[in-house]
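K.L.:
Got a file for you: entry.pdb, PDB, C-alpha atoms.
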MODEL        1
ATOM      1  CA  THR A   1     -30.636  18.157 -24.287
ATOM      2  CA  GLY A   2     -31.619  18.652 -27.934
ATOM      3  CA  MET A   3     -32.577  22.216 -27.087
ATOM      4  CA  ASN A   4     -29.298  22.946 -25.276
ATOM      5  CA  ALA A   5     -31.177  23.654 -22.052
ATOM      6  CA  LEU A   6     -28.788  23.972 -19.121
ATOM      7  CA  HIS A   7     -28.900  22.289 -15.736
ATOM      8  CA  SER A   8     -26.829  23.091 -12.644
ATOM      9  CA  PRO A   9     -23.784  20.923 -13.494
ATOM     10  CA  ALA A  10     -23.593  22.498 -16.965
ATOM     11  CA  HIS A  11     -23.737  26.009 -15.475
ATOM     12  CA  PHE A  12     -20.707  25.279 -13.316
ATOM     13  CA  GLU A  13     -18.849  23.565 -16.168
ATOM     14  CA  LEU A  14     -19.366  26.588 -18.405
ATOM     15  CA  GLU A  15     -18.184  28.846 -15.587
ATOM     16  CA  GLU A  16     -14.910  26.882 -15.502
ATOM     17  CA  ILE A  17     -14.550  27.308 -19.261
ATOM     18  CA  PHE A  18     -15.073  31.074 -19.037
ATOM     19  CA  ASN A  19     -12.676  31.301 -16.081
ATOM     20  CA  GLU A  20     -10.008  29.617 -18.225
ATOM     21  CA  PHE A  21     -10.838  31.912 -21.154
ATOM     22  CA  SER A  22     -10.537  35.007 -18.951
ATOM     23  CA  THR A  23      -7.011  34.089 -17.820
ATOM     24  CA  ASP A  24      -5.644  32.588 -21.049
ATOM     25  CA  PRO A  25      -3.278  35.179 -22.551
ATOM     26  CA  ASP A  26      -3.596  33.564 -25.992
ATOM     27  CA  ALA A  27      -7.412  33.709 -26.064
ATOM     28  CA  TRP A  28      -8.609  37.112 -27.235
ATOM     29  CA  VAL A  29     -12.235  36.463 -28.192
ATOM     30  CA  ALA A  30     -14.748  33.661 -27.614
ATOM     31  CA  ILE A  31     -17.635  32.401 -29.704
ATOM     32  CA  ILE A  32     -20.501  30.668 -27.952
ATOM     33  CA  THR A  33     -23.063  28.652 -29.898
ATOM     34  CA  GLY A  34     -25.425  25.764 -29.372
ATOM     35  CA  SER A  35     -24.976  22.257 -30.679
ATOM     36  CA  GLY A  36     -27.368  21.211 -33.418
ATOM     37  CA  ASP A  37     -29.868  23.329 -35.294
ATOM     38  CA  ARG A  38     -32.842  23.387 -32.928
ATOM     39  CA  ALA A  39     -31.621  25.856 -30.342
ATOM     40  CA  PHE A  40     -28.813  28.122 -29.249
ATOM     41  CA  CYS A  41     -30.112  27.585 -25.709
ATOM     42  CA  ALA A  42     -33.665  27.060 -24.511
ATOM     43  CA  GLY A  43     -32.854  28.303 -21.007
ATOM     44  CA  ASN A  44     -32.972  26.284 -17.813
ATOM     45  CA  ASP A  45     -33.449  22.535 -18.124
ATOM     46  CA  LEU A  46     -36.923  22.244 -16.614
ATOM     47  CA  ARG A  47     -37.058  18.488 -17.268
ATOM     48  CA  TYR A  48     -33.888  17.997 -15.201
ATOM     49  CA  GLN A  49     -35.506  19.899 -12.338
ATOM     50  CA  ALA A  50     -38.832  18.064 -12.677
ATOM     51  CA  GLU A  51     -36.991  14.737 -12.477
ATOM     52  CA  GLY A  52     -35.432  15.735  -9.154
ATOM     53  CA  GLY A  53     -32.240  17.398 -10.356
ATOM     54  CA  LYS A  54     -30.938  19.816  -7.781
ATOM     55  CA  LEU A  55     -31.123  23.465  -8.802
ATOM     56  CA  GLU A  56     -28.032  25.256  -7.545
ATOM     57  CA  ARG A  57     -27.712  28.959  -8.172
ATOM     58  CA  ASN A  58     -24.381  29.852  -9.661
ATOM     59  CA  PRO A  59     -23.197  33.213  -8.280
ATOM     60  CA  MET A  60     -21.760  33.964 -11.729
ATOM     61  CA  GLY A  61     -25.247  33.602 -13.247
ATOM     62  CA  PHE A  62     -26.628  31.585 -16.102
ATOM     63  CA  ALA A  63     -23.892  29.443 -17.685
ATOM     64  CA  GLY A  64     -21.448  31.027 -15.243
ATOM     65  CA  LEU A  65     -21.499  34.139 -17.381
ATOM     66  CA  THR A  66     -24.478  36.471 -17.020
ATOM     67  CA  SER A  67     -23.627  37.875 -13.565
ATOM     68  CA  ARG A  68     -19.907  38.327 -13.940
ATOM     69  CA  PHE A  69     -18.336  41.683 -14.538
ATOM     70  CA  ASP A  70     -14.668  40.665 -14.534
ATOM     71  CA  LEU A  71     -14.558  39.324 -18.083
ATOM     72  CA  LYS A  72     -12.790  41.929 -20.192
ATOM     73  CA  LYS A  73     -12.589  39.930 -23.422
ATOM     74  CA  PRO A  74     -15.260  40.048 -26.125
ATOM     75  CA  ILE A  75     -17.706  37.205 -26.650
ATOM     76  CA  ILE A  76     -19.727  36.562 -29.797
ATOM     77  CA  ALA A  77     -23.037  34.702 -29.632
ATOM     78  CA  ALA A  78     -23.649  32.681 -32.802
ATOM     79  CA  VAL A  79     -27.386  32.001 -32.526
ATOM     80  CA  SER A  80     -29.326  29.475 -34.562
ATOM     81  CA  GLY A  81     -32.728  28.193 -33.485
ATOM     82  CA  TYR A  82     -34.262  29.150 -30.151
ATOM     83  CA  ALA A  83     -32.653  31.587 -27.705
ATOM     84  CA  LEU A  84     -35.275  31.620 -24.963
ATOM     85  CA  GLY A  85     -35.283  32.691 -21.339
ATOM     86  CA  GLY A  86     -31.805  32.128 -19.957
ATOM     87  CA  GLY A  87     -30.640  31.407 -23.509
ATOM     88  CA  CYS A  88     -31.718  34.864 -24.631
ATOM     89  CA  GLU A  89     -30.099  36.325 -21.515
ATOM     90  CA  LEU A  90     -26.899  34.453 -22.297
ATOM     91  CA  ALA A  91     -26.893  35.867 -25.843
ATOM     92  CA  MET A  92     -27.553  39.384 -24.507
ATOM     93  CA  MET A  93     -24.566  39.082 -22.185
ATOM     94  CA  CYS A  94     -22.325  38.675 -25.228
ATOM     95  CA  ASP A  95     -20.784  41.660 -26.986
ATOM     96  CA  PHE A  96     -22.090  40.701 -30.448
ATOM     97  CA  ILE A  97     -25.045  38.578 -31.506
ATOM     98  CA  ILE A  98     -24.893  37.091 -34.977
ATOM     99  CA  ALA A  99     -28.018  35.119 -35.801
ATOM    100  CA  SER A 100     -29.204  32.802 -38.519
ATOM    101  CA  GLU A 101     -32.511  33.526 -40.188
ATOM    102  CA  THR A 102     -33.977  30.584 -38.230
ATOM    103  CA  ALA A 103     -33.179  32.118 -34.823
ATOM    104  CA  LYS A 104     -36.009  33.055 -32.478
ATOM    105  CA  PHE A 105     -35.609  35.136 -29.338
ATOM    106  CA  GLY A 106     -37.854  35.505 -26.324
ATOM    107  CA  GLN A 107     -38.358  35.764 -22.607
ATOM    108  CA  PRO A 108     -41.196  33.256 -22.024
ATOM    109  CA  GLU A 109     -40.816  33.110 -18.228
ATOM    110  CA  VAL A 110     -44.041  35.068 -17.680
ATOM    111  CA  GLY A 111     -45.972  32.100 -19.121
ATOM    112  CA  LEU A 112     -44.628  30.005 -16.235
ATOM    113  CA  GLY A 113     -45.536  32.622 -13.644
ATOM    114  CA  LEU A 114     -41.915  33.778 -13.382
ATOM    115  CA  ILE A 115     -39.945  36.866 -14.316
ATOM    116  CA  ALA A 116     -36.862  36.869 -16.508
ATOM    117  CA  GLY A 117     -33.789  36.295 -14.390
ATOM    118  CA  PHE A 118     -30.045  36.427 -14.920
ATOM    119  CA  GLY A 119     -30.116  40.081 -15.965
ATOM    120  CA  GLY A 120     -32.933  39.769 -18.511
ATOM    121  CA  THR A 121     -35.022  42.528 -16.964
ATOM    122  CA  GLN A 122     -31.994  44.824 -16.921
ATOM    123  CA  ARG A 123     -30.133  44.068 -20.166
ATOM    124  CA  LEU A 124     -33.144  43.856 -22.453
ATOM    125  CA  PRO A 125     -34.366  47.470 -21.884
ATOM    126  CA  ARG A 126     -30.801  48.749 -22.192
ATOM    127  CA  LEU A 127     -30.352  46.991 -25.518
ATOM    128  CA  ILE A 128     -33.711  47.537 -27.197
ATOM    129  CA  GLY A 129     -35.477  50.259 -25.206
ATOM    130  CA  LYS A 130     -38.173  50.116 -22.569
ATOM    131  CA  GLY A 131     -41.173  49.713 -24.891
ATOM    132  CA  HIS A 132     -39.858  46.739 -26.858
ATOM    133  CA  ALA A 133     -38.455  45.153 -23.693
ATOM    134  CA  MET A 134     -41.716  45.467 -21.773
ATOM    135  CA  GLU A 135     -43.592  43.920 -24.698
ATOM    136  CA  LEU A 136     -41.298  40.881 -24.721
ATOM    137  CA  LEU A 137     -41.054  40.541 -20.940
ATOM    138  CA  LEU A 138     -44.784  40.901 -20.252
ATOM    139  CA  SER A 139     -46.171  38.985 -23.223
ATOM    140  CA  GLY A 140     -43.663  36.142 -23.332
ATOM    141  CA  LYS A 141     -43.815  36.195 -27.126
ATOM    142  CA  MET A 142     -41.003  35.040 -29.378
ATOM    143  CA  ILE A 143     -39.605  37.180 -32.158
ATOM    144  CA  THR A 144     -37.786  36.237 -35.344
ATOM    145  CA  SER A 145     -34.176  37.116 -35.982
ATOM    146  CA  LYS A 146     -35.278  39.767 -38.490
ATOM    147  CA  GLU A 147     -37.462  41.420 -35.846
ATOM    148  CA  ALA A 148     -34.567  41.132 -33.376
ATOM    149  CA  LEU A 149     -32.343  42.931 -35.897
ATOM    150  CA  ARG A 150     -34.958  45.639 -36.447
ATOM    151  CA  ILE A 151     -35.154  46.399 -32.705
ATOM    152  CA  LYS A 152     -31.358  46.130 -32.366
ATOM    153  CA  LEU A 153     -31.227  42.999 -30.217
ATOM    154  CA  VAL A 154     -28.870  41.360 -32.744
ATOM    155  CA  ASN A 155     -26.044  42.797 -34.821
ATOM    156  CA  LYS A 156     -26.459  40.737 -37.963
ATOM    157  CA  VAL A 157     -28.780  38.143 -39.496
ATOM    158  CA  LEU A 158     -27.506  35.610 -42.010
ATOM    159  CA  GLU A 159     -29.829  34.034 -44.551
ATOM    160  CA  ASN A 160     -27.797  30.829 -44.677
ATOM    161  CA  LYS A 161     -27.349  29.266 -41.221
ATOM    162  CA  GLU A 162     -24.354  27.315 -42.540
ATOM    163  CA  ASP A 163     -22.483  30.650 -42.702
ATOM    164  CA  LEU A 164     -23.056  31.400 -39.007
ATOM    165  CA  LEU A 165     -19.769  30.105 -37.601
ATOM    166  CA  ALA A 166     -17.757  31.367 -40.576
ATOM    167  CA  GLU A 167     -19.186  34.868 -40.105
ATOM    168  CA  SER A 168     -18.605  34.677 -36.341
ATOM    169  CA  ASN A 169     -14.991  33.643 -36.936
ATOM    170  CA  LYS A 170     -14.559  36.482 -39.436
ATOM    171  CA  THR A 171     -15.850  38.932 -36.821
ATOM    172  CA  ALA A 172     -13.497  37.441 -34.217
ATOM    173  CA  GLU A 173     -10.530  37.798 -36.585
ATOM    174  CA  LYS A 174     -11.320  41.491 -37.052
ATOM    175  CA  ILE A 175     -11.168  41.938 -33.281
ATOM    176  CA  ILE A 176      -7.850  40.149 -32.906
TER     177      ILE A 176
ENDMDL
END
Just give me the structure as structure tokens.
P.N.:
Amino acid sequence: TGMNALHSPAHFELEEIFNEFSTDPDAWVAIITGSGDRAFCAGNDLRYQAEGGKLERNPMGFAGLTSRFDLKKPIIAAVSGYALGGGCELAMMCDFIIASETAKFGQPEVGLGLIAGFGGTQRLPRLIGKGHAMELLLSGKMITSKEALRIKLVNKVLENKEDLLAESNKTAEKII
């Protein structure tokens, strides 16, 4: 979708990609980003589910990534636009989060009568502390990339979103 929301087939496809990445001896670091400017990932594709799409739980978690512990290679999240729900959880699973100034983060599940899944209730407090995490998890509010930097959810915020992939690649090259 235009918001890079993920449905069950996409979760399993991304799992295959990360399985290949984990075993490729020439791949040392991965960068994950959304297509377009609107969103990194808006979470689960609720429209797909509402239209009868089958929801299959991937044992490896959201995008085949958030529940795995066997991946020993670093991943960089290059976030522009919305990173909400599962999208925020996907970004948190990464080792670095580099965000554009237009990025917005949040766990809006509470507004749907749900709790954050895919590790959101566990990773968020570990990354930003209990107080900030409880505020986001219980209010469902979105925060700007600058606020996310202030509370240490992201590593870096870039003023120019066109520099996002270049900066992510520069970070990856430092790791290699």
K.L.:
Mind pulling up the distance from atom CA of Gly111 of chain A to atom CA of Asn4 of chain A?
P.N.:
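Interatomic distance, atom CA of Asn4 of chain A to atom CA of Gly111 of chain A: 20.0 Å.
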K.L.:
Going by the chain IDs and residue numbers used in this file, which residues fall under the PyMOL selection byres ((chain A and resi 164-170) around 10)? Write them as a list in words.
P.N.:
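This file gives the following for the PyMOL selection byres ((chain A and resi 164-170) around 10): Val29, Ala30, Ile31, Ile32, Thr33, Ile76, Ala77, Ala78, Val79, Ser80, Phe96, Ile97, Ile98, Ala99, Ser100, Glu101, Lys156, Val157, Leu158, Glu159, Asn160, Lys161, Glu162, Asp163, Thr171, Ala172, Glu173, Lys174 and Ile175 of chain A.
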K.L.:
The PyMOL selection byres ((chain A and resi 43) around 9) - which residues does that actually catch in the file I just gave you? List them as JSON, numbers by chain.
P.N.:
{"A": [3, 4, 5, 6, 7, 41, 42, 44, 45, 46, 62, 83, 84, 85, 86, 87, 88, 89, 90]}
K.L.:
For this file, the PyMOL selection byres ((chain A and resi 148) around 12) selects which residues, as a ChimeraX atom specification?
P.N.:
/A:79,83,88,91-92,97-106,124,127-128,132-133,136,142-147,149-157
K.L.:
Hey, can you spit out that residue selection with C-alpha atoms as a PDB file, in the coordinates of the input?
P.N.:
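Writing the result to out23.pdb gives the following:
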ATOM      1  CA  VAL A  79     -27.386  32.001 -32.526  1.00  0.00           C
ATOM      2  CA  ALA A  83     -32.653  31.587 -27.705  1.00  0.00           C
ATOM      3  CA  CYS A  88     -31.718  34.864 -24.631  1.00  0.00           C
ATOM      4  CA  ALA A  91     -26.893  35.867 -25.843  1.00  0.00           C
ATOM      5  CA  MET A  92     -27.553  39.384 -24.507  1.00  0.00           C
ATOM      6  CA  ILE A  97     -25.045  38.578 -31.506  1.00  0.00           C
ATOM      7  CA  ILE A  98     -24.893  37.091 -34.977  1.00  0.00           C
ATOM      8  CA  ALA A  99     -28.018  35.119 -35.801  1.00  0.00           C
ATOM      9  CA  SER A 100     -29.204  32.802 -38.519  1.00  0.00           C
ATOM     10  CA  GLU A 101     -32.511  33.526 -40.188  1.00  0.00           C
ATOM     11  CA  THR A 102     -33.977  30.584 -38.230  1.00  0.00           C
ATOM     12  CA  ALA A 103     -33.179  32.118 -34.823  1.00  0.00           C
ATOM     13  CA  LYS A 104     -36.009  33.055 -32.478  1.00  0.00           C
ATOM     14  CA  PHE A 105     -35.609  35.136 -29.338  1.00  0.00           C
ATOM     15  CA  GLY A 106     -37.854  35.505 -26.324  1.00  0.00           C
ATOM     16  CA  LEU A 124     -33.144  43.856 -22.453  1.00  0.00           C
ATOM     17  CA  LEU A 127     -30.352  46.991 -25.518  1.00  0.00           C
ATOM     18  CA  ILE A 128     -33.711  47.537 -27.197  1.00  0.00           C
ATOM     19  CA  HIS A 132     -39.858  46.739 -26.858  1.00  0.00           C
ATOM     20  CA  ALA A 133     -38.455  45.153 -23.693  1.00  0.00           C
ATOM     21  CA  LEU A 136     -41.298  40.881 -24.721  1.00  0.00           C
ATOM     22  CA  MET A 142     -41.003  35.040 -29.378  1.00  0.00           C
ATOM     23  CA  ILE A 143     -39.605  37.180 -32.158  1.00  0.00           C
ATOM     24  CA  THR A 144     -37.786  36.237 -35.344  1.00  0.00           C
ATOM     25  CA  SER A 145     -34.176  37.116 -35.982  1.00  0.00           C
ATOM     26  CA  LYS A 146     -35.278  39.767 -38.490  1.00  0.00           C
ATOM     27  CA  GLU A 147     -37.462  41.420 -35.846  1.00  0.00           C
ATOM     28  CA  LEU A 149     -32.343  42.931 -35.897  1.00  0.00           C
ATOM     29  CA  ARG A 150     -34.958  45.639 -36.447  1.00  0.00           C
ATOM     30  CA  ILE A 151     -35.154  46.399 -32.705  1.00  0.00           C
ATOM     31  CA  LYS A 152     -31.358  46.130 -32.366  1.00  0.00           C
ATOM     32  CA  LEU A 153     -31.227  42.999 -30.217  1.00  0.00           C
ATOM     33  CA  VAL A 154     -28.870  41.360 -32.744  1.00  0.00           C
ATOM     34  CA  ASN A 155     -26.044  42.797 -34.821  1.00  0.00           C
ATOM     35  CA  LYS A 156     -26.459  40.737 -37.963  1.00  0.00           C
ATOM     36  CA  VAL A 157     -28.780  38.143 -39.496  1.00  0.00           C
TER      37      VAL A 157
END
K.L.:
Which is closer to Ala116 of chain A than all the others in A:Gly34, A:Gly140, A:Gly81, A:Gly52, using only C-alpha atoms?
P.N.:
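Of A:Gly34, A:Gly140, A:Gly81, A:Gly52, the one nearest Ala116 of chain A is A:Gly140, counting only C-alpha atoms.
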K.L.:
Given all atoms listed in the file as the basis, pick out the residue of A:Cys94, A:Leu137, A:Ala10, A:Leu71 nearest to Gln107 of chain A.
P.N.:
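Ranked by minimum distance to Gln107 of chain A, first place goes to A:Leu137.
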K.L.:
What is the atom CA of Pro9 of chain A-atom CA of Phe21 of chain A distance in Å, reported with one decimal?
P.N.:
18.6 Å
K.L.:
In Å to one decimal, how far is atom CA of Asp95 of chain A from atom CA of Gly119 of chain A?
P.N.:
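Pair atom CA of Gly119 of chain A / atom CA of Asp95 of chain A returns 14.5 Å.
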